[in-house]
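Quick notes on the structure that follows.
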Amino acid sequence: QGQLVESGGGSVQTGGSLRLSCAAAGFISSMSCMGWFRQAPGKEREGVAQIRKTGGTAYTDAVKGRFTISQDIAKNTMYLQMNSLKAEDTATYYCARSTTTSVCYSTPWASWAYNTWGQGIQVTVSS
């Protein structure tokens, strides 16, 4: 199955930027979709961005215009550039991989559509 390892988290002030990376241990080229999810304390995990093997991307309304998902297949790495960060972006961020095209295309924000997960990385935005 391989592993996903997130990096790049940390603490930043409101309005700042961070770039998260997800190293995919050699199998990013075999994915159907990869996504970024986040979970804040006391809340359910929610999807924020998805990138497909075709290069197509999708974002939830909460991050649209502020976050950018991208991938470097040669480096087996996916990225999430987060700009104009808000306090409500504070959460543990997870990268995930799906190998089922029909499922991840139709339900991009469903956790069950993804079959490999990273361990998560903390992002804290303070005012």
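Each chain of the structure tokens is named A, B, ... in the order shown, its residues numbered from 1; ligands are numbered from 1 in display order.
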Produce a table with one row for each residue of region 2-54 of chain A that has an atom at most 12 Å from any atom of region 58-76 of chain A, each row naming the nearest atom pair and its distance in Å at one decimal; use only C-alpha atoms; arrange rows by chain and rising residue number; format as a tab-separated table.
residue	atom	partner	partner_atom	distance
A:Gly2	CA	A:Asn76	CA	11.5
A:Gln3	CA	A:Asn76	CA	11.1
A:Leu4	CA	A:Asn76	CA	9.9
A:Val5	CA	A:Asn76	CA	11.0
A:Gly15	CA	A:Arg66	CA	10.2
A:Gly16	CA	A:Arg66	CA	10.8
A:Ser17	CA	A:Arg66	CA	9.5
A:Leu18	CA	A:Phe67	CA	9.7
A:Arg19	CA	A:Thr68	CA	9.3
A:Leu20	CA	A:Ile69	CA	9.4
A:Ser21	CA	A:Gln71	CA	9.2
A:Cys22	CA	A:Asn76	CA	8.4
A:Ala23	CA	A:Asn76	CA	6.1
A:Ala24	CA	A:Asn76	CA	5.3
A:Ala25	CA	A:Asn76	CA	6.7
A:Gly26	CA	A:Asn76	CA	5.8
A:Phe27	CA	A:Asn76	CA	6.8
A:Ile28	CA	A:Asn76	CA	5.2
A:Ser29	CA	A:Ile73	CA	6.2
A:Ser30	CA	A:Ile73	CA	9.9
A:Met31	CA	A:Ile73	CA	10.5
A:Cys33	CA	A:Ala58	CA	10.6
A:Met34	CA	A:Gln71	CA	9.2
A:Gly35	CA	A:Ile69	CA	8.4
A:Trp36	CA	A:Ile69	CA	8.3
A:Phe37	CA	A:Thr60	CA	10.4
A:Arg38	CA	A:Val63	CA	11.5
A:Glu46	CA	A:Thr60	CA	9.2
A:Gly47	CA	A:Thr60	CA	7.2
A:Val48	CA	A:Thr60	CA	5.2
A:Ala49	CA	A:Tyr59	CA	4.4
A:Gln50	CA	A:Ala58	CA	5.2
A:Ile51	CA	A:Ala58	CA	6.6
A:Arg52	CA	A:Ala58	CA	8.7
A:Lys53	CA	A:Gln71	CA	9.5
A:Thr54	CA	A:Gln71	CA	11.0
(message) Give me, as a PyMOL selection string, the residues of region 6-96 of chain A that a backbone DSSP run labels helix (DSSP H, G or I).
(response) chain A and resi 28-30+73-75+87-89
(request) Would you work out the distance separating CA of Val123 (chain A) from CA of Gly9 (chain A), expressed in Å to one decimal? (result) 5.1 Å
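Of the residues listed (A:Val103, A:Ala40, A:Ala87, A:Met78), A:Ala87 shows the shortest atom-to-atom separation from Val12 (chain A); distances use only C-alpha atoms.
Excluding Gln122 (chain A) itself and any same-chain residue fewer than 5 positions from it, the protein and nucleic acid residues within 7 Å of it, counting only C-alpha atoms, are A:Gly9, A:Gly10, A:Ala91, A:Thr92, A:Tyr93.
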(request) Would you list, as a ChimeraX atom specification, the residues of chain A that end up in strand (DSSP E) under DSSP run on this structure's backbone? (result) /A:5-7,10-13,18-23,33-39,46-52,57-59,67-72,77-82,91-98,116-117,121-126
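Picture a line from CA of Gln39 (chain A) to CA of Met82 (chain A); it runs 15.7 Å.
Rounded to one decimal, CA of Tyr114 (chain A) and CA of Leu80 (chain A) lie 17.4 Å from each other.
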